[in-house]
>>> print(open('work_29.pdb').read())   # PDB, C-alpha atoms (C1' of nucleotides)
ATOM      1  CA  MET A 223       6.619 -10.858 -24.227
ATOM      2  CA  LYS A 224       5.950  -8.698 -21.267
ATOM      3  CA  TYR A 225       7.771  -5.477 -21.792
ATOM      4  CA  ILE A 226       5.848  -3.526 -19.237
ATOM      5  CA  ARG A 227       8.059  -3.263 -16.202
ATOM      6  CA  ARG A 228       5.691  -2.377 -13.406
ATOM      7  CA  MET A 229       8.605  -1.913 -10.968
ATOM      8  CA  GLU A 230       6.254  -1.300  -8.096
ATOM      9  CA  SER A 231       7.847   1.226  -5.848
ATOM     10  CA  VAL A 232       9.854  -0.245  -3.042
ATOM     11  CA  PHE A 233       7.579   1.594  -0.651
ATOM     12  CA  LYS A 234       4.511  -0.334  -1.736
ATOM     13  CA  ILE A 235       6.438  -3.531  -1.284
ATOM     14  CA  ILE A 236       7.427  -2.880   2.310
ATOM     15  CA  ALA A 237       3.977  -1.541   3.127
ATOM     16  CA  GLU A 238       2.876  -5.146   3.648
ATOM     17  CA  PRO A 239       3.491  -6.295   7.245
ATOM     18  CA  ASN A 240       4.172  -9.926   6.386
ATOM     19  CA  ARG A 241       6.726  -8.865   3.852
ATOM     20  CA  ARG A 242       8.468  -6.735   6.428
ATOM     21  CA  ALA A 243       8.406  -9.700   8.765
ATOM     22  CA  ILE A 244      10.047 -11.887   6.145
ATOM     23  CA  LEU A 245      12.721  -9.311   5.490
ATOM     24  CA  GLY A 246      13.300  -9.135   9.210
ATOM     25  CA  LEU A 247      13.863 -12.847   9.378
ATOM     26  CA  LEU A 248      16.392 -12.734   6.603
ATOM     27  CA  ILE A 249      18.612 -10.236   8.344
ATOM     28  CA  SER A 250      20.268 -12.889  10.482
ATOM     29  CA  SER A 251      20.750 -15.451   7.744
ATOM     30  CA  GLU A 252      19.232 -16.986   4.647
ATOM     31  CA  GLN A 253      16.151 -19.104   5.192
ATOM     32  CA  SER A 254      14.137 -21.653   3.287
ATOM     33  CA  VAL A 255      10.467 -21.157   2.541
ATOM     34  CA  GLY A 256       9.565 -23.783   5.104
ATOM     35  CA  GLU A 257      11.571 -22.130   7.830
ATOM     36  CA  ILE A 258       9.907 -18.822   7.168
ATOM     37  CA  GLU A 259       6.545 -20.519   7.077
ATOM     38  CA  ARG A 260       7.091 -22.014  10.504
ATOM     39  CA  GLN A 261       8.626 -19.024  12.211
ATOM     40  CA  LEU A 262       5.948 -16.655  11.007
ATOM     41  CA  ARG A 263       3.136 -19.186  11.312
ATOM     42  CA  MET A 264       1.845 -18.258   7.921
ATOM     43  CA  PRO A 265       0.431 -20.524   5.205
ATOM     44  CA  GLN A 266       3.036 -21.689   2.750
ATOM     45  CA  PRO A 267       1.393 -20.244  -0.373
ATOM     46  CA  ALA A 268       1.322 -16.877   1.296
ATOM     47  CA  VAL A 269       5.026 -17.100   2.022
ATOM     48  CA  SER A 270       5.811 -18.109  -1.537
ATOM     49  CA  LYS A 271       3.742 -15.299  -2.964
ATOM     50  CA  HIS A 272       5.309 -12.663  -0.785
ATOM     51  CA  LEU A 273       8.732 -14.018  -1.605
ATOM     52  CA  ARG A 274       7.891 -13.753  -5.259
ATOM     53  CA  VAL A 275       7.012 -10.106  -4.883
ATOM     54  CA  LEU A 276      10.158  -9.474  -2.889
ATOM     55  CA  ARG A 277      12.259 -11.314  -5.421
ATOM     56  CA  GLU A 278      10.854  -9.476  -8.411
ATOM     57  CA  ALA A 279      11.450  -6.211  -6.634
ATOM     58  CA  GLY A 280      15.042  -7.152  -5.901
ATOM     59  CA  PHE A 281      14.719  -7.367  -2.128
ATOM     60  CA  VAL A 282      15.770 -11.007  -2.044
ATOM     61  CA  GLU A 283      17.366 -13.631  -4.198
ATOM     62  CA  SER A 284      17.212 -17.390  -3.967
ATOM     63  CA  THR A 285      19.376 -20.384  -4.588
ATOM     64  CA  VAL A 286      18.240 -23.944  -5.063
ATOM     65  CA  ASP A 287      19.230 -26.554  -2.491
ATOM     66  CA  ALA A 288      17.658 -29.888  -3.419
ATOM     67  CA  GLN A 289      13.939 -29.349  -3.022
ATOM     68  CA  ARG A 290      14.345 -26.227  -0.978
ATOM     69  CA  ARG A 291      14.979 -22.722  -1.996
ATOM     70  CA  LEU A 292      17.106 -20.572   0.192
ATOM     71  CA  TYR A 293      16.274 -16.915   0.219
ATOM     72  CA  ARG A 294      18.607 -14.151   1.236
ATOM     73  CA  LEU A 295      18.531 -10.385   1.354
ATOM     74  CA  LYS A 296      19.762  -8.056  -1.327
ATOM     75  CA  PRO A 297      20.625  -4.593  -0.124
ATOM     76  CA  GLU A 298      19.727  -2.273  -3.005
ATOM     77  CA  PRO A 299      15.986  -1.667  -2.575
ATOM     78  CA  LEU A 300      16.271  -0.903   1.106
ATOM     79  CA  GLN A 301      19.155   1.393   0.371
ATOM     80  CA  GLU A 302      16.761   3.185  -1.911
ATOM     81  CA  VAL A 303      14.406   3.731   0.985
ATOM     82  CA  ASP A 304      17.318   4.892   3.056
ATOM     83  CA  ALA A 305      18.242   7.373   0.356
ATOM     84  CA  TRP A 306      14.722   8.775   0.233
ATOM     85  CA  LEU A 307      14.834   9.216   3.953
ATOM     86  CA  ALA A 308      18.107  11.123   3.963
ATOM     87  CA  PRO A 309      16.811  14.674   3.431
ATOM     88  CA  PHE A 310      14.252  14.197   6.178
ATOM     89  CA  ARG A 311      16.934  13.038   8.512
ATOM     90  CA  ARG A 312      18.583  16.424   8.125
ATOM     91  CA  PHE A 313      15.249  18.026   8.852
ATOM     92  CA  TRP A 314      14.546  16.232  12.056
ATOM     93  CA  SER A 315      18.016  16.631  13.494
ATOM     94  CA  ASP A 316      17.668  20.376  12.957
ATOM     95  CA  HIS A 317      14.242  20.136  14.497
ATOM     96  CA  VAL A 318      15.427  18.384  17.609
ATOM     97  CA  ASP A 319      18.306  20.816  17.966
ATOM     98  CA  ALA A 320      15.929  23.740  17.759
ATOM     99  CA  LEU A 321      13.689  22.134  20.341
ATOM    100  CA  GLU A 322      16.636  21.584  22.649
ATOM    101  CA  ARG A 323      17.692  25.206  22.379
ATOM    102  CA  TYR A 324      14.155  26.358  22.948
ATOM    103  CA  LEU A 325      13.700  24.229  26.023
ATOM    104  CA  ASP A 326      17.051  25.316  27.388
ATOM    105  CA  ARG A 327      15.989  28.938  27.176
ATOM    106  CA  MET A 328      12.777  28.034  28.950
ATOM    107  CA  ASP A 329      14.796  26.572  31.771
ATOM    108  CA  GLN A 330      16.711  29.762  32.276
ATOM    109  CA  SER A 331      13.794  32.193  32.091
ATOM    110  CA  THR A 332      11.269  30.189  34.070
ATOM    111  CA  PRO A 333      12.047  30.009  37.796
ATOM    112  CA  THR A 334      10.891  26.415  38.194
ATOM    113  CA  LYS A 335       7.172  26.819  38.252
ATOM    114  CA  GLY A 336       6.866  23.778  36.052
ATOM    115  CA  LYS A 337       3.560  21.915  36.222
ATOM    116  CA  THR A 338       5.187  18.992  34.403
ATOM    117  CA  LYS A 339       8.762  17.843  34.486
ATOM    118  CA  ARG A 340      10.601  18.167  31.220
ATOM    119  CA  ARG A 341      11.616  15.030  29.488
ATOM    120  CA  ARG A 342      14.334  14.405  26.971
ATOM    121  CA  GLY A 343      14.453  11.547  24.532
ATOM    122  CA  PRO A 344      12.228  10.405  21.687
ATOM    123  CA  ASN A 345       9.092   9.598  23.668
ATOM    124  CA  ARG A 346       7.224  12.818  23.198
ATOM    125  CA  GLU A 347       3.482  12.654  23.024
ATOM    126  CA  ARG A 348       1.702  12.470  19.703
ATOM    127  CA  ASP A 349      -1.167  14.926  19.278
ATOM    128  CA  LYS A 350      -3.917  15.292  16.735
ATOM    129  CA  GLY A 351      -1.976  17.703  14.578
ATOM    130  CA  GLU A 352      -4.250  20.690  14.342
ATOM    131  CA  THR A 353      -3.123  23.715  16.301
ATOM    132  CA  LYS A 354      -5.566  26.577  16.718
TER     133      LYS A 354
ATOM    134  CA  MET B  80     -15.897   8.158  21.398
ATOM    135  CA  LYS B  81     -13.571   6.462  19.014
ATOM    136  CA  TYR B  82     -11.256   4.331  21.030
ATOM    137  CA  ILE B  83     -10.147   2.145  18.189
ATOM    138  CA  ARG B  84      -6.813   3.538  17.109
ATOM    139  CA  ARG B  85      -6.250   2.096  13.656
ATOM    140  CA  MET B  86      -2.771   3.646  13.552
ATOM    141  CA  GLU B  87      -2.202   2.587   9.982
ATOM    142  CA  SER B  88       1.428   1.666   9.718
ATOM    143  CA  VAL B  89       3.652   4.499   8.644
ATOM    144  CA  PHE B  90       4.752   2.294   5.782
ATOM    145  CA  LYS B  91       1.314   2.193   4.230
ATOM    146  CA  ILE B  92       1.152   5.938   4.491
ATOM    147  CA  ILE B  93       4.348   6.599   2.607
ATOM    148  CA  ALA B  94       3.538   3.935   0.057
ATOM    149  CA  GLU B  95       1.442   6.513  -1.784
ATOM    150  CA  PRO B  96       3.559   8.508  -4.257
ATOM    151  CA  ASN B  97       1.589  11.731  -3.934
ATOM    152  CA  ARG B  98       1.958  11.593  -0.210
ATOM    153  CA  ARG B  99       5.708  11.199  -0.545
ATOM    154  CA  ALA B 100       5.689  14.151  -2.903
ATOM    155  CA  ILE B 101       3.854  16.267  -0.368
ATOM    156  CA  LEU B 102       6.264  15.300   2.366
ATOM    157  CA  GLY B 103       9.097  16.185   0.043
ATOM    158  CA  LEU B 104       7.681  19.646  -0.477
ATOM    159  CA  LEU B 105       7.406  20.233   3.221
ATOM    160  CA  ILE B 106      11.081  19.584   3.896
ATOM    161  CA  SER B 107      12.101  23.061   2.848
ATOM    162  CA  SER B 108       9.323  24.913   4.647
ATOM    163  CA  GLU B 109       5.691  24.827   5.643
ATOM    164  CA  GLN B 110       3.193  25.178   2.805
ATOM    165  CA  SER B 111      -0.463  25.961   2.377
ATOM    166  CA  VAL B 112      -2.816  23.564   0.658
ATOM    167  CA  GLY B 113      -2.992  25.850  -2.351
ATOM    168  CA  GLU B 114       0.765  26.001  -2.713
ATOM    169  CA  ILE B 115       1.002  22.243  -2.632
ATOM    170  CA  GLU B 116      -1.844  21.994  -5.088
ATOM    171  CA  ARG B 117      -0.059  24.233  -7.571
ATOM    172  CA  GLN B 118       3.415  22.799  -7.204
ATOM    173  CA  LEU B 119       2.258  19.241  -7.555
ATOM    174  CA  ARG B 120      -0.428  20.029 -10.152
ATOM    175  CA  MET B 121      -2.906  17.915  -8.293
ATOM    176  CA  PRO B 122      -6.596  18.566  -7.667
ATOM    177  CA  GLN B 123      -7.276  20.348  -4.411
ATOM    178  CA  PRO B 124      -9.525  17.682  -2.896
ATOM    179  CA  ALA B 125      -6.813  15.149  -3.469
ATOM    180  CA  VAL B 126      -4.304  17.310  -1.642
ATOM    181  CA  SER B 127      -6.656  17.826   1.274
ATOM    182  CA  LYS B 128      -7.368  14.147   1.538
ATOM    183  CA  HIS B 129      -3.748  13.160   1.517
ATOM    184  CA  LEU B 130      -2.978  15.835   4.056
ATOM    185  CA  ARG B 131      -5.678  14.466   6.261
ATOM    186  CA  VAL B 132      -4.137  11.034   6.153
ATOM    187  CA  LEU B 133      -0.711  12.455   6.845
ATOM    188  CA  ARG B 134      -2.040  14.539   9.697
ATOM    189  CA  GLU B 135      -3.879  11.691  11.363
ATOM    190  CA  ALA B 136      -0.755   9.587  11.118
ATOM    191  CA  GLY B 137       1.340  12.321  12.699
ATOM    192  CA  PHE B 138       3.477  13.106   9.675
ATOM    193  CA  VAL B 139       2.332  16.710   9.549
ATOM    194  CA  GLU B 140       0.561  19.294  11.631
ATOM    195  CA  SER B 141      -1.232  22.433  10.584
ATOM    196  CA  THR B 142      -1.843  25.930  11.827
ATOM    197  CA  VAL B 143      -4.578  28.270  10.699
ATOM    198  CA  ASP B 144      -3.633  31.473   8.917
ATOM    199  CA  ALA B 145      -6.801  33.302   7.908
ATOM    200  CA  GLN B 146      -8.457  31.060   5.324
ATOM    201  CA  ARG B 147      -5.346  29.075   4.722
ATOM    202  CA  ARG B 148      -3.901  26.234   6.616
ATOM    203  CA  LEU B 149      -0.187  25.900   6.818
ATOM    204  CA  TYR B 150       1.153  22.405   7.006
ATOM    205  CA  ARG B 151       4.541  21.442   8.311
ATOM    206  CA  LEU B 152       6.450  18.250   8.959
ATOM    207  CA  LYS B 153       6.591  16.356  12.199
ATOM    208  CA  PRO B 154       9.595  14.088  12.575
ATOM    209  CA  GLU B 155       8.364  11.125  14.586
ATOM    210  CA  PRO B 156       6.772   8.843  11.988
ATOM    211  CA  LEU B 157       9.683   9.069   9.617
ATOM    212  CA  GLN B 158      12.031   8.420  12.476
ATOM    213  CA  GLU B 159      10.049   5.261  12.989
ATOM    214  CA  VAL B 160      10.832   4.217   9.437
ATOM    215  CA  ASP B 161      14.435   5.084  10.038
ATOM    216  CA  ALA B 162      14.464   2.913  13.106
ATOM    217  CA  TRP B 163      13.036  -0.039  11.210
ATOM    218  CA  LEU B 164      15.711   0.386   8.637
ATOM    219  CA  ALA B 165      18.566   0.402  11.122
ATOM    220  CA  PRO B 166      19.226  -3.350  11.405
ATOM    221  CA  PHE B 167      19.271  -3.662   7.634
ATOM    222  CA  ARG B 168      21.774  -0.887   7.404
ATOM    223  CA  ARG B 169      24.152  -2.992   9.421
ATOM    224  CA  PHE B 170      23.471  -5.873   7.062
ATOM    225  CA  TRP B 171      24.261  -4.059   3.883
ATOM    226  CA  SER B 172      27.424  -2.427   5.116
ATOM    227  CA  ASP B 173      28.709  -5.885   6.045
ATOM    228  CA  HIS B 174      27.542  -7.084   2.659
ATOM    229  CA  VAL B 175      29.391  -4.428   0.725
ATOM    230  CA  ASP B 176      32.533  -5.075   2.726
ATOM    231  CA  ALA B 177      32.348  -8.770   1.959
ATOM    232  CA  LEU B 178      31.840  -8.025  -1.718
ATOM    233  CA  GLU B 179      34.832  -5.748  -1.725
ATOM    234  CA  ARG B 180      37.014  -8.406  -0.200
ATOM    235  CA  TYR B 181      35.713 -10.993  -2.632
ATOM    236  CA  LEU B 182      36.347  -8.839  -5.656
ATOM    237  CA  ASP B 183      39.800  -7.959  -4.419
ATOM    238  CA  ARG B 184      40.696 -11.620  -4.251
ATOM    239  CA  MET B 185      39.328 -12.067  -7.759
ATOM    240  CA  ASP B 186      41.644  -9.354  -8.992
ATOM    241  CA  GLN B 187      44.655 -11.159  -7.633
ATOM    242  CA  SER B 188      43.843 -14.642  -8.815
ATOM    243  CA  THR B 189      42.432 -13.840 -12.275
ATOM    244  CA  PRO B 190      45.065 -12.666 -14.780
ATOM    245  CA  THR B 191      42.757 -10.156 -16.494
ATOM    246  CA  LYS B 192      40.699 -12.365 -18.720
ATOM    247  CA  GLY B 193      37.601 -10.340 -17.855
ATOM    248  CA  LYS B 194      34.837 -10.267 -20.448
ATOM    249  CA  THR B 195      33.330  -7.288 -18.641
ATOM    250  CA  LYS B 196      35.142  -4.580 -16.798
ATOM    251  CA  ARG B 197      34.496  -4.550 -13.087
ATOM    252  CA  ARG B 198      32.702  -1.585 -11.654
ATOM    253  CA  ARG B 199      32.560  -0.256  -8.151
ATOM    254  CA  GLY B 200      29.819   1.840  -6.683
ATOM    255  CA  PRO B 201      26.106   1.289  -6.251
ATOM    256  CA  ASN B 202      25.113   0.889  -9.907
ATOM    257  CA  ARG B 203      25.227  -2.841 -10.157
ATOM    258  CA  GLU B 204      22.746  -4.518 -12.400
ATOM    259  CA  ARG B 205      19.516  -5.808 -10.967
ATOM    260  CA  ASP B 206      18.790  -9.379 -11.952
ATOM    261  CA  LYS B 207      15.784 -11.610 -11.658
ATOM    262  CA  GLY B 208      16.902 -13.036  -8.333
ATOM    263  CA  GLU B 209      16.928 -16.730  -9.091
ATOM    264  CA  THR B 210      20.344 -18.291  -9.251
ATOM    265  CA  LYS B 211      20.568 -21.804 -10.622
TER     266      LYS B 211
ATOM    267  C1'  DC C 205     -25.362  40.636   3.273
ATOM    268  C1'  DC C 206     -23.205  38.754  -0.782
ATOM    269  C1'  DT C 207     -19.165  37.232  -3.161
ATOM    270  C1'  DT C 208     -14.744  35.412  -3.451
ATOM    271  C1'  DT C 209     -11.094  32.645  -1.812
ATOM    272  C1'  DA C 210      -9.308  28.607   0.667
ATOM    273  C1'  DT C 211      -9.999  24.187   2.332
ATOM    274  C1'  DA C 212     -12.601  20.091   3.761
ATOM    275  C1'  DT C 213     -16.017  16.290   3.027
ATOM    276  C1'  DG C 214     -19.173  13.107   0.925
ATOM    277  C1'  DC C 215     -20.368   9.897  -2.518
ATOM    278  C1'  DC C 216     -19.408   6.879  -6.293
ATOM    279  C1'  DT C 217     -16.631   4.042  -9.216
ATOM    280  C1'  DT C 218     -12.627   1.505 -10.190
ATOM    281  C1'  DT C 219      -8.647  -0.958  -9.140
ATOM    282  C1'  DA C 220      -5.086  -3.345  -6.657
ATOM    283  C1'  DC C 221      -4.103  -6.777  -3.873
ATOM    284  C1'  DA C 222      -3.969 -10.069   0.077
ATOM    285  C1'  DA C 223      -6.182 -14.235   1.911
ATOM    286  C1'  DG C 224      -7.685 -18.845   1.237
ATOM    287  C1'  DC C 225      -7.761 -23.066  -0.845
ATOM    288  C1'  DA C 226      -6.841 -26.342  -4.474
ATOM    289  C1'  DT C 227      -3.609 -27.916  -7.509
ATOM    290  C1'  DA C 228       0.613 -28.073 -10.251
ATOM    291  C1'  DT C 229       5.615 -28.598 -10.505
ATOM    292  C1'  DA C 230      10.043 -30.157  -8.957
ATOM    293  C1'  DC C 231      13.262 -32.817  -6.566
ATOM    294  C1'  DT C 232      14.335 -36.999  -3.350
ATOM    295  C1'  DA C 233      14.254 -41.478  -1.620
ATOM    296  C1'  DT C 234      12.779 -46.185  -1.646
TER     297       DT C 234
ATOM    298  C1'  DA D 198       7.630 -46.240 -10.718
ATOM    299  C1'  DT D 199       5.631 -44.519  -6.551
ATOM    300  C1'  DA D 200       5.337 -41.960  -2.593
ATOM    301  C1'  DG D 201       6.813 -38.122  -0.019
ATOM    302  C1'  DT D 202       8.513 -33.516   0.666
ATOM    303  C1'  DA D 203       9.177 -28.634  -0.672
ATOM    304  C1'  DT D 204       7.682 -24.877  -3.211
ATOM    305  C1'  DA D 205       5.078 -22.414  -6.755
ATOM    306  C1'  DT D 206       0.889 -21.023  -9.205
ATOM    307  C1'  DG D 207      -4.068 -20.437 -10.436
ATOM    308  C1'  DC D 208      -8.457 -18.891  -9.359
ATOM    309  C1'  DT D 209     -11.942 -16.650  -6.618
ATOM    310  C1'  DT D 210     -13.425 -13.347  -3.331
ATOM    311  C1'  DG D 211     -13.451  -9.539  -0.138
ATOM    312  C1'  DT D 212     -11.889  -5.101   0.965
ATOM    313  C1'  DA D 213      -9.302  -0.932   1.359
ATOM    314  C1'  DA D 214      -8.243   2.953  -0.790
ATOM    315  C1'  DA D 215      -7.380   6.433  -4.593
ATOM    316  C1'  DG D 216      -9.413   9.347  -8.224
ATOM    317  C1'  DG D 217     -13.052  12.431  -9.773
ATOM    318  C1'  DC D 218     -16.549  15.573  -9.053
ATOM    319  C1'  DA D 219     -19.958  18.067  -6.503
ATOM    320  C1'  DT D 220     -20.787  20.347  -2.513
ATOM    321  C1'  DA D 221     -20.203  21.955   2.330
ATOM    322  C1'  DT D 222     -17.786  24.932   5.575
ATOM    323  C1'  DA D 223     -15.125  28.896   6.874
ATOM    324  C1'  DA D 224     -12.935  33.198   6.702
ATOM    325  C1'  DA D 225     -12.174  37.803   4.272
ATOM    326  C1'  DG D 226     -13.447  41.800   1.714
ATOM    327  C1'  DG D 227     -16.369  44.748  -0.428
TER     328       DG D 227
END
>>> encode(input="work_29.pdb", output="structure tokens")
Amino acid sequence: MKYIRRMESVFKIIAEPNRRAILGLLISSEQSVGEIERQLRMPQPAVSKHLRVLREAGFVESTVDAQRRLYRLKPEPLQEVDAWLAPFRRFWSDHVDALERYLDRMDQSTPTKGKTKRRRGPNRERDKGETK
Amino acid sequence: MKYIRRMESVFKIIAEPNRRAILGLLISSEQSVGEIERQLRMPQPAVSKHLRVLREAGFVESTVDAQRRLYRLKPEPLQEVDAWLAPFRRFWSDHVDALERYLDRMDQSTPTKGKTKRRRGPNRERDKGETK
DNA sequence: CCTTTATATGCCTTTACAAGCATATACTAT
DNA sequence: ATAGTATATGCTTGTAAAGGCATATAAAGG
């Protein structure tokens, strides 16, 4: 009688790269263990173990087809992640807007003495974080 | 000269509950270490360590204000998570649509012999995954 | 200078967990 | 019944990483 539901947070589950890979595979369609094994070039026990974790966390479900088991995605846990992300989404859209406005003002006030050309889009450089 | 960028996946970073809590705090506004410490009732070294991880992964940046350091969010890493999630989002909206259609057909064909009342919305029960 | 306040770091211990390999279970076909 | 195929489970081991506590660094204020 195991009453203790560990219910490992969905975040811990998707922290594992192979598990994310498996989930990725299942987007297109359900797959058997063997198919996953081959596509990801990963030992079969590993696949089974990861699938077990995913199953117990509700990320996937399986049906039996002769000797195979077909695994498919279940949406809920990832929706949970999506939900957690929501408030941040608001934050970063504000953030980008503010940046846009800021840069637009720069354009007006600065008479093109730019050392570097401005770039739009998500590919801004990533610094070390600390600003003195 | 450390050239080896470990760049621990953003997923591992947010797998830690305290780190998610810290990020949550920073949505509203920037906070000092001490403020985080008090609000989350967590030992100061722990806060500093988690902030270090978050900073090195680009989730936050800090500015110095006298003895304090003010930490604030940076959007990129969480946008990365959002991006990973995108294809799944498509999946589960399809999925819900299909379920809707299925249940609608059920309504027509079954002359209300239901043992359990049908429910809409996201609160469906979570089962063990295996379907025999 | 010395003290207080704010934050960072270092060390140690414990724990969780993934990899690897062997083996068990389950279903199929002959 | 036996062999073959597909998947799951058990056990061991290595390692990363979080918690706890002491201590180092840094700035401010008297």
>>> atom_distance(input="work_29.pdb", atom1="CA of Leu307 (chain A)", atom2="CA of Ser172 (chain B)")
17.2 Å
>>> closest_atom_pairs(input="work_29.pdb", of="region 241-345 of chain A", to="region 141-152 of chain B", cutoff="12 Å", atoms="all atoms listed in the file", output="JSON lines")
{"residue": "A:Phe310", "atom": "CA", "partner": "B:Leu152", "partner_atom": "CA", "distance": 9.2}
{"residue": "A:Arg311", "atom": "CA", "partner": "B:Leu152", "partner_atom": "CA", "distance": 11.7}
{"residue": "A:Phe313", "atom": "CA", "partner": "B:Leu152", "partner_atom": "CA", "distance": 8.8}
{"residue": "A:Trp314", "atom": "CA", "partner": "B:Leu152", "partner_atom": "CA", "distance": 8.9}
{"residue": "A:His317", "atom": "CA", "partner": "B:Leu152", "partner_atom": "CA", "distance": 9.7}
>>> closest_residue(input="work_29.pdb", among="B:Arg120, B:Lys128, B:Arg134, B:Lys153", to="chain C", atoms="all atoms listed in the file")
B:Lys128
>>> atom_distance(input="work_29.pdb", atom1="CA of Glu116 (chain B)", atom2="C1' of DA223 (chain D)")
19.2 Å
>>> interface_residues(input="work_29.pdb", of="chain C", to="chain B", cutoff="8 Å", atoms="only C-alpha atoms (C1' of nucleotides)", output="MDAnalysis selection string")
chainID C and resid 209:212
>>> atom_distance(input="work_29.pdb", atom1="CA of Ala100 (chain B)", atom2="C1' of DG214 (chain C)")
25.2 Å
>>> closest_atom_pairs(input="work_29.pdb", of="chain D", to="chain A", cutoff="10 Å", atoms="all atoms listed in the file", output="CSV")
residue,atom,partner,partner_atom,distance
D:DT202,C1',A:Gln289,CA,7.8
D:DA203,C1',A:Gln289,CA,5.4
D:DT204,C1',A:Arg290,CA,7.2
D:DA205,C1',A:Ser270,CA,6.8
D:DT206,C1',A:Pro267,CA,8.9
>>> interface_residues(input="work_29.pdb", of="chain B", to="chain A", cutoff="9 Å", atoms="all atoms listed in the file", output="ChimeraX atom specification")
/B:88-96,102-103,106-107,134-143,152-155,157-158,160-161,164,166-168,170-172,174-175,201,205-211
>>> axis_aligned_box(input="work_29.pdb", around="region 212-226 of chain D", padding_each_side="4 Å", output="lines of an AutoDock Vina configuration file")
center_x = -14.1
center_y = 18.3
center_z = -1.4
size_x = 21.4
size_y = 54.9
size_z = 24.6
>>> resolve_selection(input="work_29.pdb", expression="the PyMOL selection byres ((chain D and resi 198) around 12)", output="PDB file with C-alpha atoms (C1' of nucleotides), in the coordinates of the input")
ATOM      1  C1'  DT C 234      12.779 -46.185  -1.646  1.00  0.00           C
TER       2       DT C 234
ATOM      3  C1'  DT D 199       5.631 -44.519  -6.551  1.00  0.00           C
ATOM      4  C1'  DA D 200       5.337 -41.960  -2.593  1.00  0.00           C
TER       5       DA D 200
END
>>> resolve_selection(input="work_29.pdb", expression="the PyMOL selection byres ((chain C and resi 225) around 12)", output="tab-separated table (two decimals) with C-alpha atoms (C1' of nucleotides), in the frame of the given file")
chain	number	residue	atom	x	y	z
A	265	PRO	CA	0.43	-20.52	5.20
A	266	GLN	CA	3.04	-21.69	2.75
A	267	PRO	CA	1.39	-20.24	-0.37
A	268	ALA	CA	1.32	-16.88	1.30
C	223	DA	C1'	-6.18	-14.24	1.91
C	224	DG	C1'	-7.68	-18.84	1.24
C	226	DA	C1'	-6.84	-26.34	-4.47
C	227	DT	C1'	-3.61	-27.92	-7.51
D	207	DG	C1'	-4.07	-20.44	-10.44
D	208	DC	C1'	-8.46	-18.89	-9.36
D	209	DT	C1'	-11.94	-16.65	-6.62
D	210	DT	C1'	-13.42	-13.35	-3.33
>>> closest_residue(input="work_29.pdb", among="A:His272, A:Arg327, A:Asp316, A:Ile244", to="DC221 (chain C)", atoms="all atoms listed in the file")
A:His272
